[in-house]
>>> print(open('run31.txt').read())   # compact mmCIF, C-alpha atoms
# COMPACT_ATOMS: atom_id res chain seq x y z
CA MET P 3 4.41 21.59 23.56
CA GLU P 4 8.04 20.73 24.23
CA ARG P 5 9.92 19.32 21.28
CA ARG P 6 12.57 16.64 21.49
CA ASN P 7 16.05 18.17 21.46
CA THR P 8 17.71 17.12 18.20
CA ARG P 9 20.83 18.11 16.35
CA GLN P 10 20.34 20.40 13.38
CA ILE P 11 21.11 19.66 9.77
CA LYS P 12 20.75 21.75 6.61
CA VAL P 13 19.00 20.63 3.45
CA GLY P 14 20.04 23.47 1.20
CA SER P 15 18.50 26.60 2.68
CA VAL P 16 16.15 24.66 4.99
CA THR P 17 17.23 23.96 8.57
CA ILE P 18 15.86 20.75 10.07
CA GLY P 19 15.99 19.77 13.73
CA GLY P 20 16.53 21.64 16.96
CA ASP P 21 14.20 24.61 17.25
CA ALA P 22 13.76 25.04 13.48
CA PRO P 23 10.18 24.98 12.15
CA ILE P 24 9.00 21.48 11.31
CA ALA P 25 9.55 21.12 7.57
CA VAL P 26 6.86 19.83 5.21
CA GLN P 27 8.13 17.56 2.46
CA SER P 28 6.62 15.86 -0.55
CA MET P 29 7.79 13.73 -3.45
CA THR P 30 7.25 14.26 -7.15
CA ASN P 31 5.30 11.57 -9.02
CA THR P 32 6.53 12.65 -12.44
CA LYS P 33 9.30 10.88 -14.30
CA THR P 34 12.48 12.55 -13.04
CA GLN P 35 14.03 12.00 -16.47
CA ASP P 36 11.51 14.57 -17.74
CA ALA P 37 13.02 17.62 -16.08
CA ARG P 38 10.54 20.08 -17.55
CA THR P 39 7.44 18.28 -16.28
CA THR P 40 9.09 17.58 -12.94
CA LEU P 41 9.92 21.26 -12.48
CA ILE P 42 6.34 22.25 -13.23
CA GLN P 43 5.18 19.98 -10.42
CA ILE P 44 7.88 21.19 -8.04
CA ARG P 45 6.82 24.80 -8.59
CA GLN P 46 3.20 23.86 -7.88
CA LEU P 47 4.31 22.20 -4.66
CA ALA P 48 6.44 25.19 -3.69
CA ASP P 49 3.46 27.49 -4.30
CA ALA P 50 1.47 25.28 -1.91
CA GLY P 51 4.17 25.80 0.74
CA CYS P 52 6.35 22.71 0.34
CA ASP P 53 9.71 23.21 2.05
CA VAL P 54 11.71 20.34 0.54
CA ILE P 55 11.04 18.04 -2.43
CA ARG P 56 12.26 14.50 -3.11
CA CYS P 57 12.69 13.00 -6.57
CA ALA P 58 13.02 9.32 -7.47
CA VAL P 59 16.31 8.42 -9.15
CA PRO P 60 15.84 4.96 -10.71
CA ASP P 61 18.55 5.27 -13.37
CA MET P 62 21.42 7.39 -14.65
CA GLU P 63 19.21 9.38 -16.97
CA ALA P 64 17.24 10.57 -13.96
CA ALA P 65 20.42 11.33 -12.02
CA LEU P 66 21.68 13.47 -14.90
CA ALA P 67 18.32 15.24 -15.25
CA LEU P 68 18.62 16.39 -11.65
CA LYS P 69 21.13 19.04 -12.76
CA ASN P 70 18.42 20.98 -14.59
CA ILE P 71 15.85 20.20 -11.91
CA VAL P 72 18.04 21.53 -9.10
CA ALA P 73 18.93 24.61 -11.14
CA GLY P 74 15.26 25.45 -11.70
CA SER P 75 13.79 24.38 -8.37
CA PRO P 76 12.68 27.07 -5.91
CA ILE P 77 13.11 24.61 -3.01
CA PRO P 78 15.85 22.13 -2.02
CA VAL P 79 15.89 18.82 -3.87
CA ILE P 80 16.56 15.42 -2.31
CA ALA P 81 17.54 12.45 -4.50
CA ASP P 82 15.89 9.15 -3.63
CA ILE P 83 18.47 6.42 -4.27
CA HIS P 84 18.20 2.66 -3.97
CA PHE P 85 21.00 0.09 -4.37
CA ASP P 86 23.29 1.84 -6.91
CA TYR P 87 25.91 4.13 -5.36
CA ARG P 88 26.77 5.53 -8.80
CA LEU P 89 23.38 7.19 -8.93
CA ALA P 90 24.13 8.85 -5.61
CA LEU P 91 27.47 10.13 -6.90
CA GLN P 92 25.86 11.55 -10.02
CA ALA P 93 23.03 13.10 -7.99
CA ILE P 94 25.63 14.85 -5.84
CA ALA P 95 27.42 16.02 -8.98
CA SER P 96 24.08 17.28 -10.28
CA GLY P 97 23.79 19.52 -7.24
CA VAL P 98 21.14 17.91 -5.00
CA GLN P 99 20.91 19.21 -1.46
CA GLY P 100 20.09 15.87 0.16
CA LEU P 101 20.12 12.10 -0.30
CA ARG P 102 17.65 9.43 0.75
CA LEU P 103 19.89 6.37 0.80
CA ASN P 104 20.39 3.32 3.00
CA PRO P 105 24.16 2.73 3.29
CA GLY P 106 23.73 -1.00 3.90
CA ASN P 107 22.04 -1.49 0.54
CA ILE P 108 24.49 0.00 -1.94
CA GLY P 109 27.17 -2.66 -2.17
CA GLY P 110 29.79 -2.50 0.53
CA THR P 111 32.06 -0.24 2.54
CA GLU P 112 34.08 1.20 -0.33
CA LYS P 113 30.95 2.33 -2.19
CA VAL P 114 29.50 3.92 0.93
CA LYS P 115 32.82 5.65 1.53
CA ALA P 116 32.76 7.06 -1.99
CA VAL P 117 29.31 8.55 -1.39
CA VAL P 118 30.29 9.97 2.01
CA GLU P 119 33.46 11.53 0.60
CA ALA P 120 31.41 13.19 -2.14
CA ALA P 121 28.65 14.36 0.21
CA LYS P 122 30.76 15.63 3.10
CA PRO P 123 32.41 18.68 1.49
CA LYS P 124 29.02 19.82 0.16
CA ASN P 125 27.30 19.37 3.54
CA ILE P 126 24.72 17.05 2.00
CA PRO P 127 22.71 15.15 4.62
CA ILE P 128 21.74 11.53 4.16
CA ARG P 129 18.32 10.30 5.23
CA ILE P 130 18.24 6.71 6.33
CA GLY P 131 14.79 5.35 5.56
CA VAL P 132 13.69 2.04 7.08
CA ASN P 133 10.45 0.53 5.78
CA ALA P 134 8.49 -2.23 7.49
CA GLY P 135 7.87 -3.83 4.12
CA SER P 136 11.55 -4.31 3.32
CA LEU P 137 13.25 -5.37 6.53
CA PRO P 138 16.30 -7.66 6.26
CA LYS P 139 15.45 -11.36 6.35
CA ASP P 140 17.50 -12.04 9.47
CA LEU P 141 15.57 -9.41 11.42
CA LEU P 142 12.26 -10.84 10.26
CA GLU P 143 13.44 -14.26 11.43
CA LYS P 144 14.68 -12.84 14.72
CA TYR P 145 11.47 -10.95 15.55
CA GLY P 146 8.97 -13.05 13.61
CA HIS P 147 7.37 -10.07 11.88
CA PRO P 148 7.92 -6.30 11.60
CA THR P 149 8.14 -4.87 15.10
CA ALA P 150 9.30 -1.56 16.51
CA GLU P 151 12.46 -3.25 17.74
CA ALA P 152 13.14 -4.73 14.29
CA LEU P 153 12.71 -1.35 12.59
CA VAL P 154 14.97 0.42 15.06
CA GLU P 155 17.64 -2.29 14.85
CA ALA P 156 17.59 -2.00 11.06
CA ALA P 157 17.98 1.76 11.33
CA TRP P 158 20.97 1.45 13.66
CA ARG P 159 22.73 -0.86 11.21
CA HIS P 160 22.67 1.90 8.60
CA ILE P 161 23.41 4.67 11.09
CA ARG P 162 26.52 2.91 12.41
CA ILE P 163 27.93 2.47 8.93
CA LEU P 164 27.93 6.27 8.57
CA GLU P 165 29.06 6.90 12.15
CA ASP P 166 32.02 4.57 11.63
CA MET P 167 33.02 6.91 8.79
CA GLU P 168 32.60 9.88 11.15
CA TYR P 169 29.60 11.09 9.21
CA ARG P 170 26.72 12.31 11.34
CA ASN P 171 24.92 14.58 8.91
CA ILE P 172 21.95 12.21 9.18
CA LYS P 173 18.20 12.14 9.58
CA VAL P 174 16.15 8.99 9.99
CA SER P 175 12.69 7.71 9.11
CA LEU P 176 10.87 4.55 10.18
CA LYS P 177 7.95 4.08 7.80
CA CYS P 178 5.01 1.70 8.19
CA HIS P 179 1.42 1.76 7.01
CA ASP P 180 0.41 0.52 10.47
CA VAL P 181 -0.11 3.50 12.78
CA PRO P 182 0.50 1.83 16.19
CA LEU P 183 3.68 0.20 14.87
CA THR P 184 4.89 3.52 13.51
CA LEU P 185 4.28 5.24 16.84
CA ALA P 186 6.10 2.54 18.78
CA ALA P 187 9.10 2.55 16.43
CA TYR P 188 9.59 6.32 16.47
CA ARG P 189 9.20 6.48 20.24
CA LEU P 190 11.84 3.80 20.67
CA LEU P 191 14.36 5.41 18.32
CA ALA P 192 13.71 8.88 19.76
CA SER P 193 14.73 7.53 23.17
CA GLN P 194 18.03 6.28 21.76
CA CYS P 195 19.45 9.11 19.65
CA ASP P 196 19.29 12.82 18.93
CA TYR P 197 19.24 12.58 15.14
CA PRO P 198 16.39 14.55 13.53
CA LEU P 199 13.49 12.36 12.50
CA HIS P 200 11.45 12.47 9.32
CA VAL P 201 7.93 11.34 10.28
CA GLY P 202 5.19 9.86 8.14
CA ILE P 203 2.81 6.98 7.63
CA THR P 204 3.86 5.27 4.42
CA GLU P 205 1.36 3.95 1.89
CA ALA P 206 -1.33 5.73 3.90
CA GLY P 207 -3.88 5.60 1.09
CA THR P 208 -6.07 8.02 -0.82
CA VAL P 209 -6.88 11.58 0.19
CA THR P 210 -9.84 10.43 2.27
CA SER P 211 -8.34 7.53 4.24
CA GLY P 212 -4.69 8.60 3.98
CA ILE P 213 -5.19 11.99 5.58
CA ILE P 214 -6.96 10.42 8.55
CA LYS P 215 -4.22 7.83 9.12
CA SER P 216 -1.51 10.45 8.67
CA ALA P 217 -3.19 12.95 10.97
CA VAL P 218 -3.49 10.32 13.69
CA GLY P 219 0.05 8.97 13.32
CA ILE P 220 2.00 12.12 12.53
CA GLY P 221 -0.13 14.21 14.87
CA ALA P 222 0.36 11.86 17.82
CA LEU P 223 4.15 11.92 17.42
CA LEU P 224 4.32 15.68 16.96
CA ALA P 225 2.15 16.16 20.04
CA GLU P 226 4.80 14.22 21.97
CA GLY P 227 7.56 16.42 20.56
CA ILE P 228 8.82 13.77 18.13
CA GLY P 229 9.43 14.80 14.52
CA ASP P 230 11.48 17.43 12.73
CA THR P 231 10.16 17.04 9.20
CA ILE P 232 7.03 15.34 7.88
CA ARG P 233 5.48 13.93 4.74
CA VAL P 234 1.84 12.97 4.34
CA SER P 235 2.06 10.11 1.83
CA LEU P 236 -1.07 10.09 -0.35
CA THR P 237 -2.05 8.39 -3.58
CA GLY P 238 -2.47 11.05 -6.26
CA ASP P 239 -1.60 14.73 -6.57
CA PRO P 240 1.26 15.50 -4.16
CA VAL P 241 -0.07 19.04 -3.63
CA ASN P 242 -2.64 17.40 -1.36
CA GLU P 243 0.23 16.05 0.75
CA VAL P 244 1.55 19.54 1.39
CA LYS P 245 -1.83 20.98 2.25
CA ALA P 246 -2.60 18.10 4.62
CA GLY P 247 0.83 18.40 6.24
CA PHE P 248 0.30 22.04 7.05
CA GLU P 249 -3.20 21.38 8.37
CA ILE P 250 -1.71 18.86 10.81
CA LEU P 251 0.91 21.37 11.93
CA LYS P 252 -1.69 24.14 12.20
CA ALA P 253 -3.95 21.96 14.33
CA LEU P 254 -1.09 21.55 16.82
CA GLY P 255 -0.04 25.20 16.69
CA LEU P 256 3.33 24.30 15.17
CA ARG P 257 3.15 26.28 11.92
CA THR P 258 1.00 29.05 10.48
CA TYR P 259 -0.29 28.45 7.00
CA GLY P 260 -3.04 30.38 5.27
CA PRO P 261 -6.59 30.61 6.60
CA THR P 262 -8.06 28.44 9.33
CA LEU P 263 -11.76 27.65 8.89
CA ILE P 264 -13.87 27.13 12.00
CA SER P 265 -17.24 25.61 11.21
CA CYS P 266 -19.77 24.28 13.69
CA PRO P 267 -21.64 21.01 13.23
CA THR P 268 -25.27 21.28 12.28
CA CYS P 269 -27.98 20.77 14.86
CA GLY P 270 -31.72 21.27 15.33
CA ARG P 271 -31.26 25.03 15.78
CA THR P 272 -29.69 25.42 12.34
CA SER P 273 -32.01 27.24 9.95
CA ILE P 274 -29.55 27.92 7.14
CA ASP P 275 -27.79 25.61 4.67
CA LEU P 276 -24.62 25.63 6.74
CA GLU P 277 -22.82 22.92 4.76
CA LYS P 278 -23.23 24.86 1.53
CA LEU P 279 -22.24 28.10 3.23
CA ALA P 280 -19.08 26.61 4.74
CA THR P 281 -18.13 24.95 1.45
CA VAL P 282 -18.44 28.24 -0.46
CA VAL P 283 -16.37 30.09 2.14
CA GLU P 284 -13.71 27.37 2.16
CA ALA P 285 -13.40 27.54 -1.64
CA ARG P 286 -12.94 31.32 -1.61
CA LEU P 287 -10.40 31.13 1.21
CA ALA P 288 -8.20 28.91 -0.96
CA ASP P 289 -6.85 32.00 -2.74
CA ILE P 290 -5.68 33.64 0.50
CA LYS P 291 -2.11 32.96 1.66
CA GLU P 292 -2.05 34.98 4.90
CA PRO P 293 -2.98 33.32 8.19
CA ILE P 294 -6.46 34.33 9.33
CA SER P 295 -9.11 32.45 11.31
CA VAL P 296 -12.60 32.50 9.82
CA ALA P 297 -15.72 31.10 11.49
CA VAL P 298 -18.90 29.90 9.81
CA MET P 299 -21.54 29.27 12.44
CA GLY P 300 -25.11 28.07 12.15
CA CYS P 301 -26.69 29.85 15.09
CA VAL P 302 -27.06 33.61 15.52
CA VAL P 303 -27.74 33.10 19.24
CA ASN P 304 -24.49 31.38 20.22
CA GLY P 305 -22.38 31.67 17.07
CA PRO P 306 -20.46 34.90 17.75
CA GLY P 307 -19.71 33.87 21.32
CA GLU P 308 -18.64 30.33 20.45
CA ALA P 309 -16.27 31.65 17.77
CA ARG P 310 -15.08 34.77 19.60
CA GLU P 311 -11.43 33.78 19.11
CA ALA P 312 -11.84 33.84 15.31
CA ASP P 313 -10.59 36.94 13.52
CA VAL P 314 -13.85 37.19 11.61
CA GLY P 315 -16.93 35.13 11.01
CA ILE P 316 -20.57 34.81 10.10
CA ALA P 317 -23.51 33.24 11.90
CA GLY P 318 -26.54 32.31 9.86
CA GLY P 319 -30.19 32.56 10.87
CA LYS P 320 -33.45 32.25 8.99
CA GLY P 321 -33.07 34.45 5.91
CA GLU P 322 -30.41 36.61 7.54
CA GLY P 323 -27.20 36.44 9.51
CA LEU P 324 -24.55 38.26 11.49
CA VAL P 325 -21.04 39.30 10.52
CA PHE P 326 -18.69 39.52 13.51
CA ARG P 327 -15.06 40.22 14.35
CA LYS P 328 -13.50 38.72 17.49
CA GLY P 329 -16.99 37.88 18.73
CA GLN P 330 -18.33 41.41 18.29
CA VAL P 331 -21.20 41.83 15.84
CA VAL P 332 -20.33 44.18 12.99
CA LYS P 333 -23.57 44.04 11.04
CA LYS P 334 -26.72 42.08 10.30
CA VAL P 335 -27.31 41.28 6.62
CA SER P 336 -29.60 39.19 4.46
CA GLU P 337 -28.60 35.58 3.86
CA ASP P 338 -27.71 36.19 0.22
CA ARG P 339 -25.15 38.85 1.24
CA LEU P 340 -23.47 36.92 4.05
CA VAL P 341 -20.51 35.53 2.12
CA ASN P 342 -19.69 38.74 0.26
CA GLU P 343 -19.91 40.78 3.47
CA LEU P 344 -17.66 38.25 5.20
CA PHE P 345 -14.99 38.63 2.54
CA ASN P 346 -15.31 42.41 2.67
CA GLU P 347 -14.35 42.18 6.34
CA ILE P 348 -11.53 39.76 5.54
CA ASP P 349 -10.14 42.22 2.99
CA LYS P 350 -10.31 45.00 5.60
CA ILE P 351 -8.43 42.90 8.15
CA LEU P 352 -5.69 41.98 5.69
CA ASP P 353 -5.38 45.62 4.57
CA GLU P 354 -5.15 46.78 8.21
CA ARG P 355 -2.29 44.35 8.82
CA LYS P 356 -0.28 45.92 6.01
CA LYS P 357 -0.44 49.41 7.52
>>> encode(input="run31.txt", output="structure tokens")
Amino acid sequence: MERRNTRQIKVGSVTIGGDAPIAVQSMTNTKTQDARTTLIQIRQLADAGCDVIRCAVPDMEAALALKNIVAGSPIPVIADIHFDYRLALQAIASGVQGLRLNPGNIGGTEKVKAVVEAAKPKNIPIRIGVNAGSLPKDLLEKYGHPTAEALVEAAWRHIRILEDMEYRNIKVSLKCHDVPLTLAAYRLLASQCDYPLHVGITEAGTVTSGIIKSAVGIGALLAEGIGDTIRVSLTGDPVNEVKAGFEILKALGLRTYGPTLISCPTCGRTSIDLEKLATVVEARLADIKEPISVAVMGCVVNGPGEAREADVGIAGGKGEGLVFRKGQVVKKVSEDRLVNELFNEIDKILDERKK
């Protein structure tokens, strides 16, 4: 699919925009003031594949703690700032590689100028983040309620403040919990500028409902070539955000990330506990980092053919099953040996790739 042509920015070592890989972001839910605990979570997120991490900066203690967090983080750190420009200045002094800050909300031109002058020599990009739940009152009065036009107009207010200071190291997000509104807003802004866009559905919900809403919203935009970095916003452990983000990108062929499980739905021909089998395989695949496609099929008649594009797979029958590679049967084994034989083949494939 053809991606929208955007200018590139750098968040530390991570390039965003243009033809760079779409970056997966998350946000810590620890207290930033507790640098040790925050770093533990950041390392967990980095291990899951997170490209960039954002930390809330509600006060000066948090801004000061960022110095140790940045020093110990394996991935670039973005400071999330609201209202107080002094926190942004301290975050920059603490070494952050990016800011999430709305210039119109920090107290006037001179304060914005101070932040820009501190950020510019360090090549620190600023993300402008517009949220449907916090639109300016005059825009709500003008449009009656949050609309795509209202969100985009709010974004341009912030963008122009930075452009007037000749600062274009910018990326933009337009967050809503409403999927159709999010789609409309991003499409409108994408037609008006070439700034890289950070895409997500805010306040999406729990793992169950939030992943569905995010997959629909983020996936639809990415399929249209809109989006340079994403966050799946979920209630709970942020590691789930990273995993879900990569699954969305994998589904669209935009990033490779660990194993891909192909599993057929059950039907009247199924004579094996396919749900249990697929669940066991999925759990064991969690320890594998290399990209590999693995099929778990419920029919020995059609299974190998239906999953011939998979690197390796199994197809279960009554009391026995087939192990196959690229659609070609390797062996027939008893049902109780299927999973172990599958992972023997997976090990062989991964070893062959190393040679």
>>> closest_residue(input="run31.txt", among="P:Val241, P:Ala22, P:Val118, P:Leu137", to="P:Ile42", atoms="only C-alpha atoms")
P:Val241
>>> atom_distance(input="run31.txt", atom1="atom CA of P:Val79", atom2="atom CA of P:Gly20")
21.0 Å
>>> residues_around(input="run31.txt", residues="P:Asn7", least_positions_apart="3", cutoff="8 Å", atoms="all atoms listed in the file", output="PyMOL selection string")
chain P and resi 19-21+196
>>> closest_residue(input="run31.txt", among="P:Asn31, P:Gln194, P:Ser175, P:Asn125", to="P:Ile94", atoms="all atoms listed in the file")
P:Asn125
>>> residues_near_point(input="run31.txt", point="(-7.9, 7.7, -7.6)", cutoff="9 Å", atoms="all atoms listed in the file", output="VMD selection string")
chain P and resid 208 to 209 237 to 238
>>> residues_around(input="run31.txt", residues="P:Ile83", least_positions_apart="6", cutoff="10 Å", atoms="only C-alpha atoms", output="PyMOL selection string")
chain P and resi 57-61+65+89-90+93+101-104+107-108
>>> write_last_selection(input="run31.txt", atoms="C-alpha atoms", output="PDB file, in the frame of the given file")
ATOM      1  CA  CYS P  57      12.690  13.000  -6.570  1.00  0.00           C
ATOM      2  CA  ALA P  58      13.020   9.320  -7.470  1.00  0.00           C
ATOM      3  CA  VAL P  59      16.310   8.420  -9.150  1.00  0.00           C
ATOM      4  CA  PRO P  60      15.840   4.960 -10.710  1.00  0.00           C
ATOM      5  CA  ASP P  61      18.550   5.270 -13.370  1.00  0.00           C
ATOM      6  CA  ALA P  65      20.420  11.330 -12.020  1.00  0.00           C
ATOM      7  CA  LEU P  89      23.380   7.190  -8.930  1.00  0.00           C
ATOM      8  CA  ALA P  90      24.130   8.850  -5.610  1.00  0.00           C
ATOM      9  CA  ALA P  93      23.030  13.100  -7.990  1.00  0.00           C
ATOM     10  CA  LEU P 101      20.120  12.100  -0.300  1.00  0.00           C
ATOM     11  CA  ARG P 102      17.650   9.430   0.750  1.00  0.00           C
ATOM     12  CA  LEU P 103      19.890   6.370   0.800  1.00  0.00           C
ATOM     13  CA  ASN P 104      20.390   3.320   3.000  1.00  0.00           C
ATOM     14  CA  ASN P 107      22.040  -1.490   0.540  1.00  0.00           C
ATOM     15  CA  ILE P 108      24.490   0.000  -1.940  1.00  0.00           C
TER      16      ILE P 108
END
>>> atom_distance(input="run31.txt", atom1="atom CA of P:Met299", atom2="atom CA of P:Ile274")
9.7 Å
>>> atom_distance(input="run31.txt", atom1="atom CA of P:His160", atom2="atom CA of P:Ile130")
6.9 Å
>>> residues_around(input="run31.txt", residues="P:Ala116", least_positions_apart="6", cutoff="12 Å", atoms="only C-alpha atoms", output="JSON, numbers by chain")
{"P": [86, 87, 88, 89, 90, 91, 92, 94, 105, 108, 109, 110, 122, 164, 167]}
>>> closest_residue(input="run31.txt", among="P:Thr184, P:Ser193, P:Ser273, P:Thr149", to="P:Leu223", atoms="all atoms listed in the file")
P:Thr184
>>> closest_residue(input="run31.txt", among="P:Leu251, P:Val331, P:Ala297, P:Val132", to="P:Cys266", atoms="all atoms listed in the file")
P:Ala297
>>> residues_around(input="run31.txt", residues="stretch 315-319 of chain P", least_positions_apart="5", cutoff="9 Å", atoms="only C-alpha atoms", output="NGL selection string")
:P and (264 or 272-276 or 279 or 295-306 or 309-310 or 324-329 or 337 or 340-341 or 343-344 or 347-348)
>>> closest_residue(input="run31.txt", among="P:Ile24, P:Cys52, P:Ala285, P:Ile250", to="P:Gln10", atoms="all atoms listed in the file")
P:Ile24
>>> residues_around(input="run31.txt", residues="P:His179", least_positions_apart="6", cutoff="6 Å", atoms="only C-alpha atoms", output="MDAnalysis selection string")
chainID P and resid 203:206
>>> closest_residue(input="run31.txt", among="P:Val72, P:Ile351, P:Ile126, P:Cys269", to="P:Tyr169", atoms="all atoms listed in the file")
P:Ile126
>>> residues_near_point(input="run31.txt", point="(3.8, 29.2, 7.2)", cutoff="10 Å", atoms="all atoms listed in the file", output="compact mmCIF listing (two decimals) with C-alpha atoms, keeping the file's coordinate frame")
# COMPACT_ATOMS: atom_id res chain seq x y z
CA PRO P 23 10.18 24.98 12.15
CA ALA P 25 9.55 21.12 7.57
CA GLY P 51 4.17 25.80 0.74
CA CYS P 52 6.35 22.71 0.34
CA ASP P 53 9.71 23.21 2.05
CA PHE P 248 0.30 22.04 7.05
CA LEU P 251 0.91 21.37 11.93
CA LYS P 252 -1.69 24.14 12.20
CA LEU P 256 3.33 24.30 15.17
CA ARG P 257 3.15 26.28 11.92
CA THR P 258 1.00 29.05 10.48
CA TYR P 259 -0.29 28.45 7.00
CA GLY P 260 -3.04 30.38 5.27
CA LYS P 291 -2.11 32.96 1.66
CA GLU P 292 -2.05 34.98 4.90
CA PRO P 293 -2.98 33.32 8.19
>>> decode(input="run31.txt", residues="stretch 190-201 of chain P", atoms="N, CA, C and O atoms", output="PDB file, in the first residue's frame")
ATOM      1  N   LEU P 190      -8.856  14.580   7.021  1.00  0.00           N
ATOM      2  CA  LEU P 190      -8.890  15.998   6.700  1.00  0.00           C
ATOM      3  C   LEU P 190      -7.524  16.642   6.894  1.00  0.00           C
ATOM      4  O   LEU P 190      -7.031  17.368   6.015  1.00  0.00           O
ATOM      5  N   LEU P 191      -6.885  16.385   8.032  1.00  0.00           N
ATOM      6  CA  LEU P 191      -5.575  16.984   8.280  1.00  0.00           C
ATOM      7  C   LEU P 191      -4.533  16.454   7.299  1.00  0.00           C
ATOM      8  O   LEU P 191      -3.676  17.215   6.816  1.00  0.00           O
ATOM      9  N   ALA P 192      -4.602  15.167   6.985  1.00  0.00           N
ATOM     10  CA  ALA P 192      -3.634  14.583   6.053  1.00  0.00           C
ATOM     11  C   ALA P 192      -3.708  15.240   4.683  1.00  0.00           C
ATOM     12  O   ALA P 192      -2.700  15.301   3.960  1.00  0.00           O
ATOM     13  N   SER P 193      -4.877  15.751   4.324  1.00  0.00           N
ATOM     14  CA  SER P 193      -5.039  16.419   3.029  1.00  0.00           C
ATOM     15  C   SER P 193      -4.497  17.839   3.045  1.00  0.00           C
ATOM     16  O   SER P 193      -4.380  18.469   1.986  1.00  0.00           O
ATOM     17  N   GLN P 194      -4.150  18.340   4.241  1.00  0.00           N
ATOM     18  CA  GLN P 194      -3.768  19.743   4.373  1.00  0.00           C
ATOM     19  C   GLN P 194      -2.300  19.970   4.712  1.00  0.00           C
ATOM     20  O   GLN P 194      -1.830  21.111   4.659  1.00  0.00           O
ATOM     21  N   CYS P 195      -1.578  18.935   5.098  1.00  0.00           N
ATOM     22  CA  CYS P 195      -0.185  19.146   5.511  1.00  0.00           C
ATOM     23  C   CYS P 195       0.626  17.879   5.279  1.00  0.00           C
ATOM     24  O   CYS P 195       0.080  16.809   4.991  1.00  0.00           O
ATOM     25  N   ASP P 196       1.937  18.030   5.387  1.00  0.00           N
ATOM     26  CA  ASP P 196       2.815  16.863   5.247  1.00  0.00           C
ATOM     27  C   ASP P 196       3.540  16.541   6.550  1.00  0.00           C
ATOM     28  O   ASP P 196       4.549  15.825   6.559  1.00  0.00           O
ATOM     29  N   TYR P 197       3.038  17.056   7.664  1.00  0.00           N
ATOM     30  CA  TYR P 197       3.637  16.695   8.945  1.00  0.00           C
ATOM     31  C   TYR P 197       3.342  15.221   9.247  1.00  0.00           C
ATOM     32  O   TYR P 197       2.256  14.715   8.926  1.00  0.00           O
ATOM     33  N   PRO P 198       4.288  14.513   9.872  1.00  0.00           N
ATOM     34  CA  PRO P 198       4.006  13.128  10.265  1.00  0.00           C
ATOM     35  C   PRO P 198       2.891  13.090  11.304  1.00  0.00           C
ATOM     36  O   PRO P 198       2.777  13.985  12.142  1.00  0.00           O
ATOM     37  N   LEU P 199       2.084  12.041  11.242  1.00  0.00           N
ATOM     38  CA  LEU P 199       0.936  11.922  12.123  1.00  0.00           C
ATOM     39  C   LEU P 199       1.091  10.741  13.067  1.00  0.00           C
ATOM     40  O   LEU P 199       1.464   9.639  12.651  1.00  0.00           O
ATOM     41  N   HIS P 200       0.793  11.012  14.329  1.00  0.00           N
ATOM     42  CA  HIS P 200       0.743   9.968  15.354  1.00  0.00           C
ATOM     43  C   HIS P 200      -0.719   9.543  15.470  1.00  0.00           C
ATOM     44  O   HIS P 200      -1.583  10.365  15.767  1.00  0.00           O
ATOM     45  N   VAL P 201      -1.000   8.265  15.219  1.00  0.00           N
ATOM     46  CA  VAL P 201      -2.376   7.792  15.085  1.00  0.00           C
ATOM     47  C   VAL P 201      -2.766   6.905  16.256  1.00  0.00           C
ATOM     48  O   VAL P 201      -1.995   6.048  16.697  1.00  0.00           O
TER      49      VAL P 201
END
